[in-house]
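Undergrad: Quick one: this structure, given as C-alpha coordinates, is what I'll be asking you about.
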There are 2 protein chains.
Amino acid sequence: MASVSPGQLSPPAATRTGSTREELLIAAERVFARHGFAGASLDEVAEQVGIRRPSLLHHFRSKRELYDAVERRIFEELNAHLTGLEAEGAPFERLMTLLNQWLTFMVERPTAARIILRNSSDLISRPADPVEFSWRTVETFVRLVEEGIAAGAFRPIKPVVALNILGSAVLSFVCNADQFGHRRRYDATGRAERAEFESALRRAAWGVLAPA
Amino acid sequence: MASVSPGQLSPPAATRTGSTREELLIAAERVFARHGFAGASLDEVAEQVGIRRPSLLHHFRSKRELYDAVERRIFEELNAHLTGLEAEGAPFERLMTLLNQWLTFMVERPTAARIILRNSSDLISRPADPVEFSWRTVETFVRLVEEGIAAGAFRPIKPVVALNILGSAVLSFVCNADQFGHRRRYDATGRAERAEFESALRRAAWGVLAPA
DNA sequence: CCTACCGATCGGTAGG
DNA sequence: CCTACCGATCGGTAGG
(Lines give C-alpha, C1' and ligand atoms only; values in the text may rest on other atoms or scores of the structure.)
Protein backbone atom coordinates (compact mmCIF):
# COMPACT_ATOMS: atom_id res chain seq x y z
CA MET A 1 0.00 0.00 0.00
CA ALA A 2 3.02 2.30 0.30
CA SER A 3 2.75 4.83 -2.47
CA VAL A 4 5.65 5.38 -4.84
CA SER A 5 3.91 7.65 -7.30
CA PRO A 6 6.28 10.39 -8.36
CA GLY A 7 3.81 13.28 -8.30
CA GLN A 8 3.60 13.24 -4.53
CA LEU A 9 4.16 16.67 -3.06
CA SER A 10 2.42 16.93 0.32
CA PRO A 11 3.36 20.54 1.00
CA PRO A 12 1.40 21.10 4.23
CA ALA A 13 2.78 18.38 6.49
CA ALA A 14 6.51 18.63 6.34
CA THR A 15 8.37 15.36 6.78
CA ARG A 16 5.10 13.50 6.32
CA THR A 17 4.28 12.67 9.91
CA GLY A 18 1.40 10.35 10.72
CA SER A 19 -0.77 8.26 8.49
CA THR A 20 -2.69 9.77 5.60
CA ARG A 21 -5.93 8.97 7.35
CA GLU A 22 -4.79 10.89 10.41
CA GLU A 23 -3.68 13.84 8.30
CA LEU A 24 -7.06 13.84 6.58
CA LEU A 25 -8.86 13.97 9.90
CA ILE A 26 -6.77 16.90 11.05
CA ALA A 27 -7.29 18.81 7.83
CA ALA A 28 -11.00 17.98 7.78
CA GLU A 29 -11.48 19.26 11.32
CA ARG A 30 -9.93 22.55 10.28
CA VAL A 31 -12.04 22.84 7.15
CA PHE A 32 -15.33 21.81 8.79
CA ALA A 33 -14.68 24.21 11.65
CA ARG A 34 -14.20 27.07 9.26
CA HIS A 35 -16.98 26.41 6.76
CA GLY A 36 -19.44 24.07 8.42
CA PHE A 37 -20.59 20.80 6.93
CA ALA A 38 -22.43 22.22 3.94
CA GLY A 39 -19.84 24.86 3.17
CA ALA A 40 -16.82 22.59 3.40
CA SER A 41 -15.41 21.08 0.23
CA LEU A 42 -13.66 17.76 0.01
CA ASP A 43 -11.28 19.24 -2.53
CA GLU A 44 -9.99 21.67 0.08
CA VAL A 45 -9.47 18.90 2.61
CA ALA A 46 -7.64 16.71 0.11
CA GLU A 47 -5.51 19.58 -1.09
CA GLN A 48 -4.30 20.36 2.43
CA VAL A 49 -2.99 16.82 2.65
CA GLY A 50 -1.51 16.87 -0.82
CA ILE A 51 -3.76 14.29 -2.43
CA ARG A 52 -6.81 14.36 -4.72
CA ARG A 53 -10.43 14.07 -3.72
CA PRO A 54 -10.92 10.51 -5.08
CA SER A 55 -8.04 9.39 -2.89
CA LEU A 56 -9.71 10.98 0.11
CA LEU A 57 -12.88 9.11 -0.75
CA HIS A 58 -10.90 5.90 -0.63
CA HIS A 59 -10.29 6.49 3.10
CA PHE A 60 -13.74 7.90 3.86
CA ARG A 61 -16.56 6.76 1.65
CA SER A 62 -18.55 9.98 1.82
CA LYS A 63 -18.47 13.52 3.14
CA ARG A 64 -20.83 12.51 5.93
CA GLU A 65 -18.58 9.64 6.95
CA LEU A 66 -15.58 11.97 7.08
CA TYR A 67 -17.52 14.47 9.17
CA ASP A 68 -18.70 11.79 11.56
CA ALA A 69 -15.14 10.52 11.96
CA VAL A 70 -13.99 14.05 12.80
CA GLU A 71 -16.70 14.47 15.39
CA ARG A 72 -16.14 11.05 16.93
CA ARG A 73 -12.44 11.80 17.21
CA ILE A 74 -13.10 15.12 18.94
CA PHE A 75 -15.30 13.62 21.62
CA GLU A 76 -13.00 10.64 22.12
CA GLU A 77 -10.05 12.90 22.75
CA LEU A 78 -12.11 15.22 24.91
CA ASN A 79 -13.16 12.31 27.10
CA ALA A 80 -9.62 10.95 27.17
CA HIS A 81 -8.50 14.35 28.42
CA LEU A 82 -10.61 14.09 31.58
CA THR A 83 -9.02 13.05 34.86
CA GLY A 84 -9.71 13.14 38.54
CA LEU A 85 -13.50 13.04 38.31
CA GLU A 86 -13.98 9.81 40.23
CA ALA A 87 -12.13 11.22 43.20
CA GLU A 88 -13.73 11.79 46.59
CA GLY A 89 -13.68 15.57 46.35
CA ALA A 90 -16.67 17.81 46.97
CA PRO A 91 -19.30 17.67 44.20
CA PHE A 92 -18.85 21.31 43.30
CA GLU A 93 -15.08 20.96 42.99
CA ARG A 94 -15.47 17.87 40.84
CA LEU A 95 -17.84 19.76 38.54
CA MET A 96 -15.44 22.67 38.28
CA THR A 97 -12.65 20.22 37.50
CA LEU A 98 -14.75 18.93 34.61
CA LEU A 99 -15.60 22.41 33.34
CA ASN A 100 -12.00 23.58 33.56
CA GLN A 101 -10.83 20.53 31.66
CA TRP A 102 -13.41 21.25 28.99
CA LEU A 103 -12.15 24.81 28.90
CA THR A 104 -8.52 23.76 28.53
CA PHE A 105 -9.40 21.37 25.75
CA MET A 106 -11.44 23.93 23.83
CA VAL A 107 -8.93 26.75 24.22
CA GLU A 108 -6.18 24.53 22.85
CA ARG A 109 -8.40 23.23 20.09
CA PRO A 110 -10.75 25.95 18.88
CA THR A 111 -11.63 23.95 15.79
CA ALA A 112 -13.30 21.43 18.07
CA ALA A 113 -15.17 24.17 19.90
CA ARG A 114 -16.51 25.55 16.63
CA ILE A 115 -17.68 22.15 15.44
CA ILE A 116 -19.40 21.34 18.73
CA LEU A 117 -21.03 24.76 18.95
CA ARG A 118 -22.35 24.34 15.45
CA ASN A 119 -24.14 21.22 16.55
CA SER A 120 -26.41 23.52 18.52
CA SER A 121 -27.38 25.65 15.57
CA ASP A 122 -27.55 22.93 12.93
CA LEU A 123 -30.95 21.31 13.09
CA ILE A 124 -30.63 18.62 10.52
CA SER A 125 -26.93 17.87 10.41
CA ARG A 126 -27.44 14.66 12.33
CA PRO A 127 -29.64 12.13 10.54
CA ALA A 128 -30.37 10.01 13.60
CA ASP A 129 -29.83 10.82 17.24
CA PRO A 130 -27.94 14.09 17.79
CA VAL A 131 -26.01 12.66 20.72
CA GLU A 132 -24.46 9.85 18.68
CA PHE A 133 -20.97 11.05 19.57
CA SER A 134 -21.48 13.49 22.42
CA TRP A 135 -23.60 11.35 24.70
CA ARG A 136 -20.67 10.27 26.88
CA THR A 137 -19.64 13.89 27.37
CA VAL A 138 -23.19 14.89 28.21
CA GLU A 139 -23.62 11.95 30.56
CA THR A 140 -20.44 12.77 32.47
CA PHE A 141 -21.74 16.26 33.21
CA VAL A 142 -25.25 15.07 34.03
CA ARG A 143 -23.96 12.39 36.37
CA LEU A 144 -21.85 14.86 38.34
CA VAL A 145 -24.84 17.15 38.76
CA GLU A 146 -27.12 14.31 39.81
CA GLU A 147 -24.60 13.04 42.35
CA GLY A 148 -24.28 16.54 43.76
CA ILE A 149 -28.04 16.81 44.09
CA ALA A 150 -28.26 13.42 45.75
CA ALA A 151 -25.55 14.45 48.22
CA GLY A 152 -27.45 17.64 49.04
CA ALA A 153 -24.60 19.75 47.72
CA PHE A 154 -26.62 21.13 44.79
CA ARG A 155 -30.14 22.36 44.53
CA PRO A 156 -32.50 20.06 42.60
CA ILE A 157 -32.04 21.46 39.13
CA LYS A 158 -32.55 19.79 35.81
CA PRO A 159 -29.00 18.92 34.71
CA VAL A 160 -29.50 20.06 31.13
CA VAL A 161 -30.36 23.52 32.39
CA ALA A 162 -26.97 23.74 34.05
CA LEU A 163 -25.36 22.24 30.96
CA ASN A 164 -26.97 24.81 28.69
CA ILE A 165 -25.61 27.65 30.78
CA LEU A 166 -22.16 26.37 31.71
CA GLY A 167 -21.26 24.23 28.71
CA SER A 168 -22.25 26.82 26.16
CA ALA A 169 -20.32 29.45 28.12
CA VAL A 170 -17.11 27.51 27.56
CA LEU A 171 -17.74 27.16 23.84
CA SER A 172 -18.74 30.80 23.46
CA PHE A 173 -15.66 32.03 25.29
CA VAL A 174 -13.48 30.25 22.75
CA CYS A 175 -15.52 30.97 19.63
CA ASN A 176 -16.52 34.57 20.27
CA ALA A 177 -13.03 36.03 20.71
CA ASP A 178 -13.30 37.85 17.38
CA GLN A 179 -17.07 38.15 17.09
CA PHE A 180 -17.75 41.30 19.10
CA GLY A 181 -15.91 43.65 16.77
CA HIS A 182 -12.31 44.71 16.78
CA ARG A 183 -12.81 47.03 19.74
CA ARG A 184 -13.93 44.16 21.97
CA ARG A 185 -11.66 41.45 20.61
CA TYR A 186 -9.85 39.33 23.15
CA ASP A 187 -7.36 36.48 23.17
CA ALA A 188 -8.97 33.28 24.42
CA THR A 189 -5.55 31.73 24.90
CA GLY A 190 -4.28 34.60 27.05
CA ARG A 191 -3.50 33.87 30.69
CA ALA A 192 -5.34 36.87 32.12
CA GLU A 193 -8.39 36.43 29.89
CA ARG A 194 -8.67 32.80 30.81
CA ALA A 195 -8.28 33.52 34.51
CA GLU A 196 -11.05 36.10 34.43
CA PHE A 197 -13.37 33.82 32.52
CA GLU A 198 -12.59 30.83 34.71
CA SER A 199 -13.43 32.74 37.85
CA ALA A 200 -16.63 34.13 36.34
CA LEU A 201 -17.61 30.66 35.20
CA ARG A 202 -17.04 29.34 38.70
CA ARG A 203 -19.27 32.00 40.21
CA ALA A 204 -21.92 31.32 37.58
CA ALA A 205 -21.79 27.61 38.36
CA TRP A 206 -22.11 28.27 42.07
CA GLY A 207 -25.07 30.56 41.46
CA VAL A 208 -26.78 27.94 39.33
CA LEU A 209 -26.09 24.97 41.58
CA ALA A 210 -25.80 26.21 45.16
CA PRO A 211 -28.56 24.85 47.44
CA ALA A 212 -31.39 27.28 48.12
CA MET B 1 -45.60 46.76 -10.35
CA ALA B 2 -48.65 44.70 -9.43
CA SER B 3 -48.24 41.34 -11.04
CA VAL B 4 -50.94 39.94 -13.28
CA SER B 5 -49.12 36.86 -14.50
CA PRO B 6 -51.54 33.93 -14.58
CA GLY B 7 -49.17 31.28 -13.24
CA GLN B 8 -49.18 32.76 -9.76
CA LEU B 9 -49.91 30.15 -7.13
CA SER B 10 -48.39 31.23 -3.80
CA PRO B 11 -49.42 28.16 -1.85
CA PRO B 12 -47.64 28.92 1.44
CA ALA B 13 -49.10 32.28 2.39
CA ALA B 14 -52.82 31.98 2.10
CA THR B 15 -54.67 35.17 1.15
CA ARG B 16 -51.32 36.69 0.19
CA THR B 17 -50.64 38.80 3.23
CA GLY B 18 -47.77 41.24 3.23
CA SER B 19 -45.46 42.29 0.45
CA THR B 20 -43.44 39.77 -1.52
CA ARG B 21 -40.28 41.22 -0.07
CA GLU B 22 -41.59 40.65 3.44
CA GLU B 23 -42.62 37.09 2.59
CA LEU B 24 -39.18 36.43 1.19
CA LEU B 25 -37.53 37.64 4.37
CA ILE B 26 -39.72 35.38 6.47
CA ALA B 27 -39.05 32.36 4.29
CA ALA B 28 -35.34 33.14 4.09
CA GLU B 29 -35.04 33.35 7.88
CA ARG B 30 -36.58 29.90 8.13
CA VAL B 31 -34.31 28.42 5.46
CA PHE B 32 -31.10 30.05 6.73
CA ALA B 33 -31.91 28.96 10.27
CA ARG B 34 -32.31 25.37 9.16
CA HIS B 35 -29.40 25.03 6.74
CA GLY B 36 -27.02 27.87 7.48
CA PHE B 37 -25.74 30.29 4.87
CA ALA B 38 -23.78 27.82 2.76
CA GLY B 39 -26.37 25.06 2.98
CA ALA B 40 -29.37 27.21 2.16
CA SER B 41 -30.61 27.35 -1.42
CA LEU B 42 -32.31 30.33 -2.99
CA ASP B 43 -34.58 27.93 -4.86
CA GLU B 44 -36.03 26.72 -1.57
CA VAL B 45 -36.64 30.25 -0.37
CA ALA B 46 -38.32 31.27 -3.59
CA GLU B 47 -40.43 28.13 -3.69
CA GLN B 48 -41.81 28.79 -0.20
CA VAL B 49 -43.10 32.12 -1.43
CA GLY B 50 -44.40 30.70 -4.70
CA ILE B 51 -42.04 32.47 -7.07
CA ARG B 52 -38.90 31.52 -9.00
CA ARG B 53 -35.33 32.22 -8.03
CA PRO B 54 -34.72 34.96 -10.65
CA SER B 55 -37.71 36.83 -9.21
CA LEU B 56 -36.20 36.58 -5.75
CA LEU B 57 -32.96 37.97 -7.13
CA HIS B 58 -34.91 40.97 -8.36
CA HIS B 59 -35.71 41.86 -4.74
CA PHE B 60 -32.31 40.90 -3.33
CA ARG B 61 -29.38 41.12 -5.67
CA SER B 62 -27.44 38.25 -4.16
CA LYS B 63 -27.61 35.51 -1.55
CA ARG B 64 -25.38 37.55 0.72
CA GLU B 65 -27.66 40.58 0.42
CA LEU B 66 -30.67 38.44 1.32
CA TYR B 67 -28.87 36.98 4.30
CA ASP B 68 -27.78 40.40 5.50
CA ALA B 69 -31.34 41.68 5.23
CA VAL B 70 -32.56 38.75 7.32
CA GLU B 71 -29.97 39.39 9.99
CA ARG B 72 -30.57 43.14 10.04
CA ARG B 73 -34.30 42.53 10.42
CA ILE B 74 -33.75 40.16 13.33
CA PHE B 75 -31.65 42.62 15.32
CA GLU B 76 -33.96 45.53 14.49
CA GLU B 77 -36.95 43.66 15.84
CA LEU B 78 -35.01 42.39 18.81
CA ASN B 79 -34.04 45.95 19.73
CA ALA B 80 -37.58 47.18 19.11
CA HIS B 81 -38.79 44.52 21.54
CA LEU B 82 -36.81 46.03 24.42
CA THR B 83 -38.56 48.27 26.95
CA GLY B 84 -38.03 49.65 30.43
CA LEU B 85 -34.23 49.68 30.32
CA GLU B 86 -33.80 53.40 30.85
CA ALA B 87 -35.81 53.24 34.05
CA GLU B 88 -34.39 54.08 37.45
CA GLY B 89 -34.45 50.49 38.72
CA ALA B 90 -31.51 48.71 40.30
CA PRO B 91 -28.76 47.79 37.82
CA PHE B 92 -29.20 44.08 38.39
CA GLU B 93 -32.96 44.25 37.81
CA ARG B 94 -32.43 46.23 34.64
CA LEU B 95 -29.98 43.64 33.38
CA MET B 96 -32.39 40.82 34.18
CA THR B 97 -35.12 42.74 32.35
CA LEU B 98 -32.87 42.81 29.31
CA LEU B 99 -31.99 39.12 29.55
CA ASN B 100 -35.61 38.10 30.05
CA GLN B 101 -36.68 40.14 27.04
CA TRP B 102 -33.97 38.46 24.99
CA LEU B 103 -35.27 35.15 26.25
CA THR B 104 -38.87 35.92 25.33
CA PHE B 105 -37.82 37.04 21.88
CA MET B 106 -35.72 33.93 21.21
CA VAL B 107 -38.28 31.48 22.56
CA GLU B 108 -40.93 32.96 20.29
CA ARG B 109 -38.55 33.11 17.36
CA PRO B 110 -36.21 30.14 17.42
CA THR B 111 -35.16 30.77 13.83
CA ALA B 112 -33.57 34.01 15.01
CA ALA B 113 -31.81 32.23 17.86
CA ARG B 114 -30.32 29.69 15.46
CA ILE B 115 -29.07 32.36 13.08
CA ILE B 116 -27.49 34.40 15.87
CA LEU B 117 -25.92 31.37 17.49
CA ARG B 118 -24.43 30.38 14.16
CA ASN B 119 -22.66 33.72 14.02
CA SER B 120 -20.52 32.39 16.84
CA SER B 121 -19.43 29.27 15.00
CA ASP B 122 -19.11 30.75 11.52
CA LEU B 123 -15.73 32.36 11.21
CA ILE B 124 -15.86 33.83 7.75
CA SER B 125 -19.54 34.42 7.17
CA ARG B 126 -19.11 38.15 7.67
CA PRO B 127 -16.79 39.78 5.19
CA ALA B 128 -16.18 42.93 7.21
CA ASP B 129 -16.93 43.61 10.84
CA PRO B 130 -18.86 40.81 12.54
CA VAL B 131 -20.92 43.25 14.59
CA GLU B 132 -22.33 45.02 11.55
CA PHE B 133 -25.86 44.22 12.68
CA SER B 134 -25.55 43.11 16.28
CA TRP B 135 -23.49 45.98 17.62
CA ARG B 136 -26.52 47.80 19.07
CA THR B 137 -27.60 44.66 20.90
CA VAL B 138 -24.09 44.10 22.23
CA GLU B 139 -23.75 47.75 23.23
CA THR B 140 -27.01 47.69 25.18
CA PHE B 141 -25.79 44.79 27.29
CA VAL B 142 -22.31 46.24 27.73
CA ARG B 143 -23.70 49.61 28.78
CA LEU B 144 -25.91 48.09 31.45
CA VAL B 145 -22.97 46.18 32.87
CA GLU B 146 -20.71 49.23 32.82
CA GLU B 147 -23.33 51.35 34.55
CA GLY B 148 -23.75 48.69 37.21
CA ILE B 149 -20.01 48.61 37.79
CA ALA B 150 -19.85 52.40 38.00
CA ALA B 151 -22.67 52.38 40.54
CA GLY B 152 -20.84 49.80 42.63
CA ALA B 153 -23.66 47.30 42.12
CA PHE B 154 -21.51 44.92 40.06
CA ARG B 155 -17.99 43.72 40.47
CA PRO B 156 -15.53 45.10 37.91
CA ILE B 157 -15.83 42.43 35.25
CA LYS B 158 -15.15 42.67 31.55
CA PRO B 159 -18.63 43.01 30.03
CA VAL B 160 -17.99 40.54 27.21
CA VAL B 161 -17.21 37.87 29.77
CA ALA B 162 -20.68 38.28 31.22
CA LEU B 163 -22.13 38.44 27.73
CA ASN B 164 -20.44 35.20 26.73
CA ILE B 165 -21.91 33.39 29.69
CA LEU B 166 -25.39 34.90 29.90
CA GLY B 167 -26.13 35.67 26.27
CA SER B 168 -25.06 32.30 24.98
CA ALA B 169 -27.10 30.63 27.72
CA VAL B 170 -30.27 32.16 26.30
CA LEU B 171 -29.45 31.04 22.78
CA SER B 172 -28.48 27.55 23.89
CA PHE B 173 -31.66 27.10 25.91
CA VAL B 174 -33.70 27.72 22.78
CA CYS B 175 -31.51 25.87 20.29
CA ASN B 176 -30.59 22.81 22.34
CA ALA B 177 -34.10 21.62 23.15
CA ASP B 178 -33.70 18.64 20.82
CA GLN B 179 -29.92 18.28 20.84
CA PHE B 180 -29.36 16.18 23.94
CA GLY B 181 -31.13 13.08 22.66
CA HIS B 182 -34.74 12.08 22.91
CA ARG B 183 -34.38 11.12 26.57
CA ARG B 184 -33.34 14.64 27.54
CA ARG B 185 -35.52 16.58 25.12
CA TYR B 186 -37.42 19.51 26.54
CA ASP B 187 -39.90 22.12 25.34
CA ALA B 188 -38.29 25.56 25.30
CA THR B 189 -41.74 27.14 24.97
CA GLY B 190 -43.13 25.34 28.01
CA ARG B 191 -44.07 27.43 31.02
CA ALA B 192 -42.33 25.25 33.60
CA GLU B 193 -39.18 24.79 31.52
CA ARG B 194 -38.89 28.50 30.96
CA ALA B 195 -39.46 29.30 34.62
CA GLU B 196 -36.72 26.92 35.69
CA PHE B 197 -34.29 28.28 33.15
CA GLU B 198 -35.14 31.88 33.96
CA SER B 199 -34.47 31.37 37.62
CA ALA B 200 -31.21 29.52 36.94
CA LEU B 201 -30.15 32.29 34.57
CA ARG B 202 -30.87 34.87 37.24
CA ARG B 203 -28.75 33.04 39.78
CA ALA B 204 -25.96 32.65 37.21
CA ALA B 205 -26.10 36.37 36.47
CA TRP B 206 -25.95 37.22 40.14
CA GLY B 207 -23.00 34.90 40.61
CA VAL B 208 -21.16 36.49 37.71
CA LEU B 209 -21.93 40.11 38.59
CA ALA B 210 -22.39 40.37 42.34
CA PRO B 211 -19.74 42.53 44.04
CA ALA B 212 -16.96 40.59 45.73
C1' DC C 1 -2.59 6.91 -5.21
C1' DC C 2 -4.09 8.87 -9.94
C1' DT C 3 -6.99 10.85 -14.30
C1' DA C 4 -11.25 11.23 -16.37
C1' DC C 5 -15.80 11.56 -16.07
C1' DC C 6 -20.79 11.61 -14.24
C1' DG C 7 -25.24 14.01 -12.96
C1' DA C 8 -26.94 17.40 -9.89
C1' DT C 9 -27.13 21.71 -7.98
C1' DC C 10 -25.57 26.08 -7.15
C1' DG C 11 -25.83 31.53 -7.65
C1' DG C 12 -26.48 34.71 -11.01
C1' DT C 13 -27.62 36.89 -15.78
C1' DA C 14 -30.12 37.93 -20.25
C1' DG C 15 -33.99 39.37 -22.02
C1' DG C 16 -38.63 40.13 -22.17
C1' DC D 1 -43.01 38.18 -12.54
C1' DC D 2 -41.32 34.51 -16.07
C1' DT D 3 -38.24 31.00 -19.18
C1' DA D 4 -33.86 29.88 -20.72
C1' DC D 5 -29.37 29.73 -20.12
C1' DC D 6 -24.47 30.48 -18.18
C1' DG D 7 -20.08 28.82 -15.85
C1' DA D 8 -18.57 26.94 -11.62
C1' DT D 9 -18.51 23.69 -8.18
C1' DC D 10 -20.16 20.00 -5.80
C1' DG D 11 -19.94 14.78 -4.09
C1' DG D 12 -19.15 10.55 -5.89
C1' DT D 13 -17.82 6.69 -9.34
C1' DA D 14 -15.14 4.01 -12.94
C1' DG D 15 -11.17 2.02 -13.82
C1' DG D 16 -6.55 1.30 -13.48
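Residue numbering restarts at 1 in every chain; chains get A, B, ... in the order shown in the C-alpha coordinates, and ligands count up from 1 in that same order.
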Identify every residue of chain C that has at least one atom within 8 Å of any atom of chain B, counting only C-alpha atoms (C1' of nucleotides), and report the result as a list in words.
TA: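 The selection requested is DC10, DG11 and DG12 of chain C.
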Undergrad: Excluding same-chain residues fewer than 3 positions from Phe105 in chain A, what lies within 8 Å of it counting only C-alpha atoms (C1' of nucleotides), as a list of chain:residue names?
TA: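 Listing them by chain and then by number gives A:Leu78, A:His81, A:Gln101, A:Trp102, A:Glu108, A:Arg109.
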Undergrad: Let me see the file: selected residues, N, CA and C atoms, as a JSON list (two decimals), in the first residue's frame.
TA:
```
[["chain", "number", "residue", "atom", "x", "y", "z"],
["A", 78, "LEU", "N", -11.62, 14.42, 23.79],
["A", 78, "LEU", "CA", -12.11, 15.22, 24.91],
["A", 78, "LEU", "C", -12.30, 14.34, 26.14],
["A", 81, "HIS", "N", -9.19, 13.24, 27.77],
["A", 81, "HIS", "CA", -8.50, 14.35, 28.42],
["A", 81, "HIS", "C", -8.95, 14.53, 29.87],
["A", 101, "GLN", "N", -11.48, 21.41, 32.64],
["A", 101, "GLN", "CA", -10.83, 20.53, 31.66],
["A", 101, "GLN", "C", -11.47, 20.71, 30.28],
["A", 102, "TRP", "N", -12.76, 20.89, 30.26],
["A", 102, "TRP", "CA", -13.41, 21.25, 28.99],
["A", 102, "TRP", "C", -12.80, 22.53, 28.44],
["A", 108, "GLU", "N", -7.31, 25.07, 23.63],
["A", 108, "GLU", "CA", -6.18, 24.53, 22.85],
["A", 108, "GLU", "C", -6.62, 24.01, 21.49],
["A", 109, "ARG", "N", -7.91, 23.83, 21.33],
["A", 109, "ARG", "CA", -8.40, 23.23, 20.09],
["A", 109, "ARG", "C", -9.66, 23.94, 19.63]]
```
Undergrad: Could you tell me which residues of chain A sit within 7 Å of chain B when counting only C-alpha atoms, and give me the result as an MDAnalysis selection string?
TA: chainID A and resid 34:35 38:39 114 117:118 120:123 129:131 161 164:165 168:169 172:173 175:176 179:181 197 200 203:208
Undergrad: Just give me the gap between CA of Phe154 in chain A and CA of Pro91 in chain A in Å, one decimal is fine.
TA: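 Those two atoms sit 8.1 Å apart.
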Undergrad: What are the DSSP helix (DSSP H, G or I) residues of range 24-115 of chain A, as a ChimeraX atom specification?
TA: /A:24-39,42-49,53-59,63-80,91-108,110-115
Undergrad: May I ask for the distance between C1' of DC5 in chain D and CA of Arg64 in chain B, given in Å to one decimal place?
TA: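 These two atoms are separated by 22.6 Å.
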Undergrad: DT3 in chain D: which residues within 12 Å, counting only C-alpha atoms (C1' of nucleotides), same-chain residues fewer than 6 positions away excluded, as a PDB file with N, CA and C atoms (P, O5', C5', C4', C3', O3' and C1' of nucleotides), in the first residue's frame?
TA:
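As written to disk, around18.pdb reads:
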```pdb
ATOM      1  N   ARG B  52     -40.121  32.168  -8.541  1.00  0.00           N
ATOM      2  CA  ARG B  52     -38.898  31.522  -9.004  1.00  0.00           C
ATOM      3  C   ARG B  52     -37.671  32.297  -8.513  1.00  0.00           C
ATOM      4  N   ARG B  53     -36.565  31.613  -8.536  1.00  0.00           N
ATOM      5  CA  ARG B  53     -35.332  32.218  -8.026  1.00  0.00           C
ATOM      6  C   ARG B  53     -34.989  33.536  -8.701  1.00  0.00           C
ATOM      7  N   PRO B  54     -35.063  33.663 -10.032  1.00  0.00           N
ATOM      8  CA  PRO B  54     -34.725  34.964 -10.651  1.00  0.00           C
ATOM      9  C   PRO B  54     -35.607  36.100 -10.137  1.00  0.00           C
ATOM     10  N   SER B  55     -36.839  35.780  -9.757  1.00  0.00           N
ATOM     11  CA  SER B  55     -37.708  36.827  -9.205  1.00  0.00           C
ATOM     12  C   SER B  55     -37.225  37.236  -7.818  1.00  0.00           C
TER      13      SER B  55
ATOM     14  P    DA C  14     -26.130  40.280 -17.802  1.00  0.00           P
ATOM     15  O5'  DA C  14     -27.051  39.677 -18.969  1.00  0.00           O
ATOM     16  C5'  DA C  14     -26.864  38.321 -19.386  1.00  0.00           C
ATOM     17  C4'  DA C  14     -27.780  38.025 -20.559  1.00  0.00           C
ATOM     18  C3'  DA C  14     -28.397  39.237 -21.231  1.00  0.00           C
ATOM     19  O3'  DA C  14     -28.567  38.969 -22.609  1.00  0.00           O
ATOM     20  C1'  DA C  14     -30.115  37.932 -20.245  1.00  0.00           C
ATOM     21  P    DG C  15     -28.917  40.139 -23.621  1.00  0.00           P
ATOM     22  O5'  DG C  15     -30.494  40.012 -23.731  1.00  0.00           O
ATOM     23  C5'  DG C  15     -31.086  38.733 -23.940  1.00  0.00           C
ATOM     24  C4'  DG C  15     -32.580  38.816 -23.740  1.00  0.00           C
ATOM     25  C3'  DG C  15     -33.187  40.190 -24.071  1.00  0.00           C
ATOM     26  O3'  DG C  15     -34.229  40.009 -25.006  1.00  0.00           O
ATOM     27  C1'  DG C  15     -33.991  39.375 -22.018  1.00  0.00           C
ATOM     28  P    DG C  16     -35.005  41.192 -25.721  1.00  0.00           P
ATOM     29  O5'  DG C  16     -36.495  40.901 -25.270  1.00  0.00           O
ATOM     30  C5'  DG C  16     -36.973  39.551 -25.261  1.00  0.00           C
ATOM     31  C4'  DG C  16     -38.112  39.436 -24.278  1.00  0.00           C
ATOM     32  C3'  DG C  16     -39.186  40.514 -24.421  1.00  0.00           C
ATOM     33  O3'  DG C  16     -40.445  39.912 -24.656  1.00  0.00           O
ATOM     34  C1'  DG C  16     -38.634  40.134 -22.169  1.00  0.00           C
TER      35       DG C  16
END
```
